[in-house]
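Shown next, in structure tokens, is the structure this report addresses.
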Amino acid sequence: MEIIDNTKQEIEKIYIIQPILRTDYKALAAEAESLIESAGALCAGVSFIEVREINPATFIGSGNLEKLCGRLSGLPVTVLFNGDLSPSQTLNISAALDGRKVIDRTTLILDIFARNAKTSEGKLQVELAQLKYLYPRLKGKGEALSRLGGGIGTRGPGETKLETDRRRIRARIVALENRLSDLKQRRQLVQERREKQALRTISLIGYTNTGKSTLLNLLTDAGVYAEDRLFATLDTTTRKLIVDGSEFLLTDTVGFLRELPHSLISAFHSTLESALQCDLALIVCDARGDHEMQLATTLETLRELGGEVPYLIVMNKSEELTSFDGYPKESIFISAKYGIGIEALKNAILRFFGSGWAEVLLRVPYAWMAAYSPLKKYADELQFNYLEDAVLIKARIRKTQLHRFQPFMEQH
């Protein structure tokens with residue numbers, strides 16, 4: 001009787017279908033290769049397919065699929081469509097490719113998040129994102145799901161959960177949302193305590209794999225996990241930063257990505273929102289890469305999250321640059337890996353906080369004192385002048401908090 005050794009799991013091989021829909025399709029394919037590596041799989045090749053008109057049934061059309069089927073004949077690969085597919089398109093493409101497993105870009109990213117989430121909250125957020133993405137895809141898909149087998153797309157909630165009825169999955173979604181809501185309330189209490197203590201906060205944000213965690217480690221000796229791959233770090237980490245005797249709280253956040261799946265943005269919204277409730281953001285870009293795209297993606301994601309926060313642009317991995325043309329003029333060039341430019345970054349932080357305050361005159365009617373009282377923690381009240389119907393308060397307020405005092409500010 002032959003004994004089969006199942007202890008060594010074969011590495012999954014992924015073949016990329018890259019539709020040509022825009023000019024940056026080669027960069028998108030290269031990014032997909034990096035995502036595949038982050039998922040612990042191997043890239044088996046790429047097919048660039050021009051799409052003149054999107055086919056509702058298969059996206060790329062039956063003719064393209066027929067050619068692709070011949071190209072993949074005999075190859076044990078999973079097919080990645082580097083875009084978003086509807087459930088029916090996924091099934092139709094799989095059927096046209098002799099029943100191969102087909103995943104889309106969102107499935108791949110969700111799988112990476114499932115691999116890399118370490119904290120209990122991170123795991124809850126990832127499971128919620130996966131279930132919300134898969135929930136509308138379950139109806140009538142039991143057979144297809146049962147044929148998925150192992151590998152990418154089956155981590156996280158798992159095959160067993162996917163084959164349960166929709167009502168149980170919906171109940172699980174509600175339970176996860178309630179647990180994450182409780183965690184959000186706790187985080188808000190921590191945030192309020194920091195504001196009350198007037199702790200100045202800085203967040204590291206930006207595209208994935210630009211070196212945010214490495215920079216956090218360099219500035220604070222945090223010792224957090226950092227690796228040169230996409231989404232190596234998911235969990236938000238906060239450490240104390242001291243610059244020339246001034247104390248700050250520095251927070252590292254999950255990286256962004258072009259067209260980050262909405263299910264992920266929704267699931268991670270509360271933690272990202274918490275990180276963006278800062279006095280200053282450091283937008284970290286890779287100076288060697290497509291820094292314009294990285295900066296644009298980060299700013300777009302911030303707008304989607306409703307984050308309006310002052311920021312400094314930090315160009316990391318700049319140790320080999322010989323020219324600084326073509327970068328935003330206000331960029332600070334550093335190398336977190338080699339410690340280059342860190343003093344310039346620290347000086348820029350100190351300059352920002354030194355000029356980040358404004359002296360204003362507030363007019364607070366006595367009838368509005370109850371509304372004004374909660375805002376006092378954000379202001380240094382310097383002088384009072386009591387009038388018949390109101391009190392004039394000369395105060396020093398962080399510019400990032402001025403919007404809170406708008407109803408009371410005297411116009412000059």
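Each chain in the structure tokens gets a letter, A, B and so on, in the order shown; residues start at 1 in every chain, and ligands are counted from 1 in the order they appear.
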
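By chain and then residue number, the residues within 6 Å of stretch 308-315 of chain A are Leu280, Ala281, Leu282, Ile283, Val284, Cys285, Asp286, Ala287, Ser331, Ile332 and Phe333 of chain A, counting only C-alpha atoms and disregarding those fewer than 6 positions away in sequence.
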
Can I get the selection written as a CSV table (one decimal), in the first residue's frame, with N, CA and C atoms?
chain,number,residue,atom,x,y,z
A,280,LEU,N,-1.1,65.5,12.6
A,280,LEU,CA,-0.2,65.6,11.4
A,280,LEU,C,-0.1,64.2,10.8
A,281,ALA,N,-0.2,64.1,9.4
A,281,ALA,CA,0.0,62.9,8.8
A,281,ALA,C,1.4,62.9,8.0
A,282,LEU,N,2.1,61.9,8.0
A,282,LEU,CA,3.3,61.7,7.2
A,282,LEU,C,2.9,60.8,6.0
A,283,ILE,N,2.8,61.3,4.8
A,283,ILE,CA,2.5,60.5,3.7
A,283,ILE,C,3.8,59.9,3.1
A,284,VAL,N,4.0,58.6,3.3
A,284,VAL,CA,5.2,58.0,2.9
A,284,VAL,C,5.1,57.4,1.5
A,285,CYS,N,6.0,57.8,0.6
A,285,CYS,CA,6.0,57.3,-0.8
A,285,CYS,C,7.4,56.6,-1.1
A,286,ASP,N,7.4,55.7,-2.0
A,286,ASP,CA,8.6,55.1,-2.5
A,286,ASP,C,9.2,56.0,-3.6
A,287,ALA,N,10.3,56.6,-3.3
A,287,ALA,CA,10.9,57.6,-4.3
A,287,ALA,C,11.4,56.8,-5.5
A,331,SER,N,8.7,67.9,-0.8
A,331,SER,CA,9.0,66.6,-0.3
A,331,SER,C,10.2,66.6,0.6
A,332,ILE,N,10.2,65.7,1.6
A,332,ILE,CA,11.3,65.4,2.5
A,332,ILE,C,11.9,64.1,2.1
A,333,PHE,N,13.2,64.1,1.7
A,333,PHE,CA,13.8,62.8,1.2
A,333,PHE,C,14.6,62.1,2.3

Practice item. Find the residues around stretch 340-353 of chain A up to 12 Å (only C-alpha atoms counted), leave out those fewer than 5 positions away in its own chain, and share them as a ChimeraX atom specification. Key: /A:199-203,215-216,218-219,241-248,250,279-284,310-321,330-335,358,397-400

Exercise for review: Skip stretch 74-81 of chain A itself and residues of its chain fewer than 2 positions away, then list as a ChimeraX atom specification all residues within 7 Å of it, counting only C-alpha atoms.
Suggested key: /A:13-18,72,83,100-105

Review point. Would you give me, as a PyMOL selection string, the residues in stretch 38-134 of chain A that DSSP reads as helix (DSSP H, G or I)?
Key: chain A and resi 38+62-72+87-96+105-116+120-134

Review point. Pick from A:Ser62, A:Gln401, A:Ser38, A:Ser213: nearest to A:Gln277, with only C-alpha atoms counted?
Key: A:Gln401

Review point. Which of these residues is nearest to A:Thr107, using only C-alpha atoms: A:Thr253, A:Thr322, A:Gln294, A:Thr90?
Key: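 When distances to A:Thr107 are compared using only C-alpha atoms, the smallest one comes from A:Thr90.
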
**Study point:** One-decimal distance in Å that lies between atom CA of A:Ala370 and atom CA of A:Ala390
**Key:** 12.9 Å

Review point. If you count only C-alpha atoms, which residues fall within 10 Å of A:Pro407, apart from same-chain ones fewer than 2 positions away, as a PyMOL selection string?
Key: chain A and resi 362-364+372+403-405+409-410

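Proximity to A:Phe48 at 12 Å, evaluated using only C-alpha atoms and with sequence-adjacent residues fewer than 5 positions away removed, yields Tyr15, Ile16, Ile17, Gln18, Pro19, Ile20, Leu21, Arg22, Asp24, Tyr25, Lys26, Ala27, Leu28, Ala29, Ala30, Ile60, Asn64, Leu68, Phe81 and Asn82 of chain A.
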
Those same residues, written as a PDB file, in the first residue's frame with N, CA and C atoms?
ATOM      1  N   TYR A  15      -1.788  32.150 -12.747  1.00  0.00           N
ATOM      2  CA  TYR A  15      -1.616  32.728 -14.080  1.00  0.00           C
ATOM      3  C   TYR A  15      -2.519  33.956 -14.174  1.00  0.00           C
ATOM      4  N   ILE A  16      -1.941  35.088 -14.610  1.00  0.00           N
ATOM      5  CA  ILE A  16      -2.653  36.362 -14.597  1.00  0.00           C
ATOM      6  C   ILE A  16      -3.300  36.646 -15.953  1.00  0.00           C
ATOM      7  N   ILE A  17      -4.580  36.981 -15.908  1.00  0.00           N
ATOM      8  CA  ILE A  17      -5.243  37.600 -17.059  1.00  0.00           C
ATOM      9  C   ILE A  17      -5.275  39.100 -16.785  1.00  0.00           C
ATOM     10  N   GLN A  18      -4.565  39.871 -17.609  1.00  0.00           N
ATOM     11  CA  GLN A  18      -4.537  41.320 -17.438  1.00  0.00           C
ATOM     12  C   GLN A  18      -5.292  41.983 -18.586  1.00  0.00           C
ATOM     13  N   PRO A  19      -6.526  42.435 -18.329  1.00  0.00           N
ATOM     14  CA  PRO A  19      -7.247  43.137 -19.398  1.00  0.00           C
ATOM     15  C   PRO A  19      -6.607  44.489 -19.693  1.00  0.00           C
ATOM     16  N   ILE A  20      -6.533  44.838 -20.966  1.00  0.00           N
ATOM     17  CA  ILE A  20      -5.987  46.135 -21.359  1.00  0.00           C
ATOM     18  C   ILE A  20      -7.152  47.105 -21.493  1.00  0.00           C
ATOM     19  N   LEU A  21      -7.352  47.862 -20.431  1.00  0.00           N
ATOM     20  CA  LEU A  21      -8.446  48.819 -20.386  1.00  0.00           C
ATOM     21  C   LEU A  21      -7.947  50.242 -20.229  1.00  0.00           C
ATOM     22  N   ARG A  22      -6.677  50.394 -19.810  1.00  0.00           N
ATOM     23  CA  ARG A  22      -6.097  51.717 -19.595  1.00  0.00           C
ATOM     24  C   ARG A  22      -4.592  51.642 -19.814  1.00  0.00           C
ATOM     25  N   ASP A  24      -1.968  52.120 -17.948  1.00  0.00           N
ATOM     26  CA  ASP A  24      -1.049  51.598 -16.937  1.00  0.00           C
ATOM     27  C   ASP A  24      -1.220  50.097 -16.717  1.00  0.00           C
ATOM     28  N   TYR A  25      -1.666  49.368 -17.761  1.00  0.00           N
ATOM     29  CA  TYR A  25      -1.963  47.938 -17.578  1.00  0.00           C
ATOM     30  C   TYR A  25      -0.720  47.123 -17.220  1.00  0.00           C
ATOM     31  N   LYS A  26       0.460  47.526 -17.713  1.00  0.00           N
ATOM     32  CA  LYS A  26       1.676  46.780 -17.379  1.00  0.00           C
ATOM     33  C   LYS A  26       2.037  46.957 -15.908  1.00  0.00           C
ATOM     34  N   ALA A  27       1.857  48.170 -15.396  1.00  0.00           N
ATOM     35  CA  ALA A  27       2.120  48.422 -13.970  1.00  0.00           C
ATOM     36  C   ALA A  27       1.138  47.640 -13.099  1.00  0.00           C
ATOM     37  N   LEU A  28      -0.112  47.554 -13.545  1.00  0.00           N
ATOM     38  CA  LEU A  28      -1.115  46.786 -12.798  1.00  0.00           C
ATOM     39  C   LEU A  28      -0.749  45.303 -12.764  1.00  0.00           C
ATOM     40  N   ALA A  29      -0.241  44.786 -13.887  1.00  0.00           N
ATOM     41  CA  ALA A  29       0.172  43.379 -13.925  1.00  0.00           C
ATOM     42  C   ALA A  29       1.364  43.136 -13.007  1.00  0.00           C
ATOM     43  N   ALA A  30       2.321  44.074 -12.995  1.00  0.00           N
ATOM     44  CA  ALA A  30       3.483  43.940 -12.114  1.00  0.00           C
ATOM     45  C   ALA A  30       3.049  43.969 -10.651  1.00  0.00           C
ATOM     46  N   ILE A  60     -13.990  39.167 -21.110  1.00  0.00           N
ATOM     47  CA  ILE A  60     -12.996  39.268 -22.182  1.00  0.00           C
ATOM     48  C   ILE A  60     -13.448  38.596 -23.480  1.00  0.00           C
ATOM     49  N   ASN A  64     -11.254  35.147 -26.889  1.00  0.00           N
ATOM     50  CA  ASN A  64     -10.055  35.274 -26.051  1.00  0.00           C
ATOM     51  C   ASN A  64      -9.929  34.108 -25.089  1.00  0.00           C
ATOM     52  N   LEU A  68      -6.924  31.342 -24.692  1.00  0.00           N
ATOM     53  CA  LEU A  68      -6.300  31.191 -23.376  1.00  0.00           C
ATOM     54  C   LEU A  68      -6.374  29.750 -22.903  1.00  0.00           C
ATOM     55  N   PHE A  81      -7.916  36.864 -12.570  1.00  0.00           N
ATOM     56  CA  PHE A  81      -8.362  37.968 -13.412  1.00  0.00           C
ATOM     57  C   PHE A  81      -8.043  39.245 -12.662  1.00  0.00           C
ATOM     58  N   ASN A  82      -7.138  40.067 -13.192  1.00  0.00           N
ATOM     59  CA  ASN A  82      -6.672  41.247 -12.456  1.00  0.00           C
ATOM     60  C   ASN A  82      -7.659  42.404 -12.608  1.00  0.00           C
TER      61      ASN A  82
END

Practice item. Figure out the distance between atom CA of A:Ser355 and atom CA of A:Leu295, please, to one decimal in Å. Key: 24.3 Å

Point to revise | A:Ala129 environment, 7 Å, only C-alpha atoms, sequence neighbours closer than 4 positions dropped, as a PyMOL selection string | key: chain A and resi 125+133+263-264+267

Go ahead and save the picked residues with N, CA and C atoms, as a short mmCIF file (atom, residue, chain, number, x, y, z; two decimals), in the first residue's frame.
data_model
loop_
_atom_site.label_atom_id
_atom_site.label_comp_id
_atom_site.auth_asym_id
_atom_site.auth_seq_id
_atom_site.Cartn_x
_atom_site.Cartn_y
_atom_site.Cartn_z
N GLN A 125 -11.89 42.12 11.39
CA GLN A 125 -12.12 43.03 10.27
C GLN A 125 -11.98 42.30 8.93
N TYR A 133 -18.05 40.41 1.05
CA TYR A 133 -17.75 40.25 -0.38
C TYR A 133 -18.37 38.96 -0.92
N SER A 263 -14.99 46.62 0.26
CA SER A 263 -15.29 45.80 1.44
C SER A 263 -14.19 45.93 2.49
N LEU A 264 -12.94 46.11 2.04
CA LEU A 264 -11.84 46.30 2.98
C LEU A 264 -11.87 47.69 3.60
N ALA A 267 -14.53 47.63 6.19
CA ALA A 267 -14.20 46.85 7.38
C ALA A 267 -13.15 47.54 8.24
#

Review point. By how many Å are atom CA of A:Ala39 and atom CA of A:Glu12 apart?
Key: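 Rounded to one decimal, the two atoms are 9.5 Å apart.
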
**Study point:** Residues of stretch 295-404 of chain A in strand (DSSP E), written as an MDAnalysis selection string
**Key:** chainID A and resid 311:316 332:333 357:365 379:386 390:398

Mind writing the picked residues with N, CA and C atoms as a tab-separated table (two decimals), in the first residue's frame?
chain	number	residue	atom	x	y	z
A	311	TYR	N	-0.59	67.41	6.19
A	311	TYR	CA	0.37	66.33	5.97
A	311	TYR	C	1.70	66.86	5.43
A	312	LEU	N	2.73	66.05	5.64
A	312	LEU	CA	4.04	66.25	5.02
A	312	LEU	C	4.28	65.07	4.08
A	313	ILE	N	4.90	65.34	2.92
A	313	ILE	CA	5.21	64.28	1.96
A	313	ILE	C	6.63	63.78	2.22
A	314	VAL	N	6.74	62.49	2.50
A	314	VAL	CA	8.05	61.89	2.81
A	314	VAL	C	8.40	60.90	1.71
A	315	MET	N	9.47	61.18	0.98
A	315	MET	CA	9.95	60.29	-0.07
A	315	MET	C	11.01	59.36	0.51
A	316	ASN	N	10.60	58.11	0.77
A	316	ASN	CA	11.49	57.11	1.36
A	316	ASN	C	12.26	56.39	0.25
A	332	ILE	N	10.19	65.66	1.60
A	332	ILE	CA	11.34	65.43	2.49
A	332	ILE	C	11.92	64.08	2.08
A	333	PHE	N	13.18	64.05	1.69
A	333	PHE	CA	13.80	62.84	1.16
A	333	PHE	C	14.56	62.11	2.27
A	357	TRP	N	-0.24	76.51	15.61
A	357	TRP	CA	-1.19	77.10	16.57
A	357	TRP	C	-1.64	78.47	16.07
A	358	ALA	N	-2.81	78.87	16.50
A	358	ALA	CA	-3.32	80.19	16.13
A	358	ALA	C	-3.94	80.86	17.36
A	359	GLU	N	-3.73	82.16	17.47
A	359	GLU	CA	-4.39	82.93	18.52
A	359	GLU	C	-5.67	83.51	17.95
A	360	VAL	N	-6.78	83.25	18.62
A	360	VAL	CA	-8.07	83.70	18.12
A	360	VAL	C	-8.87	84.36	19.24
A	361	LEU	N	-9.88	85.10	18.84
A	361	LEU	CA	-10.79	85.72	19.80
A	361	LEU	C	-12.14	85.03	19.68
A	362	LEU	N	-12.60	84.48	20.79
A	362	LEU	CA	-13.87	83.76	20.80
A	362	LEU	C	-14.92	84.58	21.54
A	363	ARG	N	-16.12	84.62	20.98
A	363	ARG	CA	-17.25	85.29	21.64
A	363	ARG	C	-18.25	84.20	22.02
A	364	VAL	N	-18.38	83.95	23.31
A	364	VAL	CA	-19.25	82.87	23.80
A	364	VAL	C	-20.41	83.46	24.58
A	365	PRO	N	-21.63	83.47	24.00
A	365	PRO	CA	-22.79	83.95	24.77
A	365	PRO	C	-22.98	83.09	26.02
A	379	ALA	N	-8.26	74.13	23.84
A	379	ALA	CA	-7.77	75.51	23.78
A	379	ALA	C	-6.97	75.87	25.02
A	380	ASP	N	-5.98	76.75	24.81
A	380	ASP	CA	-5.31	77.41	25.92
A	380	ASP	C	-5.95	78.79	26.07
A	381	GLU	N	-6.76	78.96	27.09
A	381	GLU	CA	-7.46	80.23	27.29
A	381	GLU	C	-6.51	81.23	27.95
A	382	LEU	N	-6.23	82.33	27.25
A	382	LEU	CA	-5.20	83.28	27.70
A	382	LEU	C	-5.77	84.49	28.42
A	383	GLN	N	-6.96	84.91	27.99
A	383	GLN	CA	-7.50	86.16	28.55
A	383	GLN	C	-9.02	86.16	28.44
A	384	PHE	N	-9.70	86.77	29.46
A	384	PHE	CA	-11.17	86.82	29.47
A	384	PHE	C	-11.63	88.27	29.58
A	385	ASN	N	-12.72	88.58	28.90
A	385	ASN	CA	-13.34	89.90	29.00
A	385	ASN	C	-14.85	89.67	29.07
A	386	TYR	N	-15.43	89.94	30.27
A	386	TYR	CA	-16.84	89.63	30.50
A	386	TYR	C	-17.71	90.81	30.07
A	390	ALA	N	-22.14	88.13	26.87
A	390	ALA	CA	-21.19	87.09	26.44
A	390	ALA	C	-19.84	87.33	27.08
A	391	VAL	N	-18.97	86.36	26.93
A	391	VAL	CA	-17.59	86.51	27.39
A	391	VAL	C	-16.68	86.42	26.17
A	392	LEU	N	-15.73	87.36	26.07
A	392	LEU	CA	-14.72	87.33	25.01
A	392	LEU	C	-13.51	86.60	25.55
A	393	ILE	N	-13.06	85.59	24.84
A	393	ILE	CA	-11.94	84.76	25.29
A	393	ILE	C	-10.83	84.82	24.25
A	394	LYS	N	-9.67	85.26	24.66
A	394	LYS	CA	-8.49	85.18	23.80
A	394	LYS	C	-7.86	83.82	24.06
A	395	ALA	N	-7.71	83.02	23.01
A	395	ALA	CA	-7.26	81.64	23.20
A	395	ALA	C	-6.24	81.25	22.14
A	396	ARG	N	-5.41	80.30	22.51
A	396	ARG	CA	-4.45	79.71	21.57
A	396	ARG	C	-4.93	78.29	21.27
A	397	ILE	N	-5.15	78.00	19.97
A	397	ILE	CA	-5.76	76.74	19.54
A	397	ILE	C	-4.96	76.14	18.40
A	398	ARG	N	-4.82	74.82	18.43
A	398	ARG	CA	-4.18	74.15	17.30
A	398	ARG	C	-4.98	74.42	16.04

Exercise for review: Please identify all polymer residues within 12 Å of A:Thr106, counting only C-alpha atoms, omitting same-chain residues fewer than 6 positions from it, and present them as an MDAnalysis selection string.
Suggested key: chainID A and resid 32 35 80:86 112:113 129:130 132:134 152:153 257:265
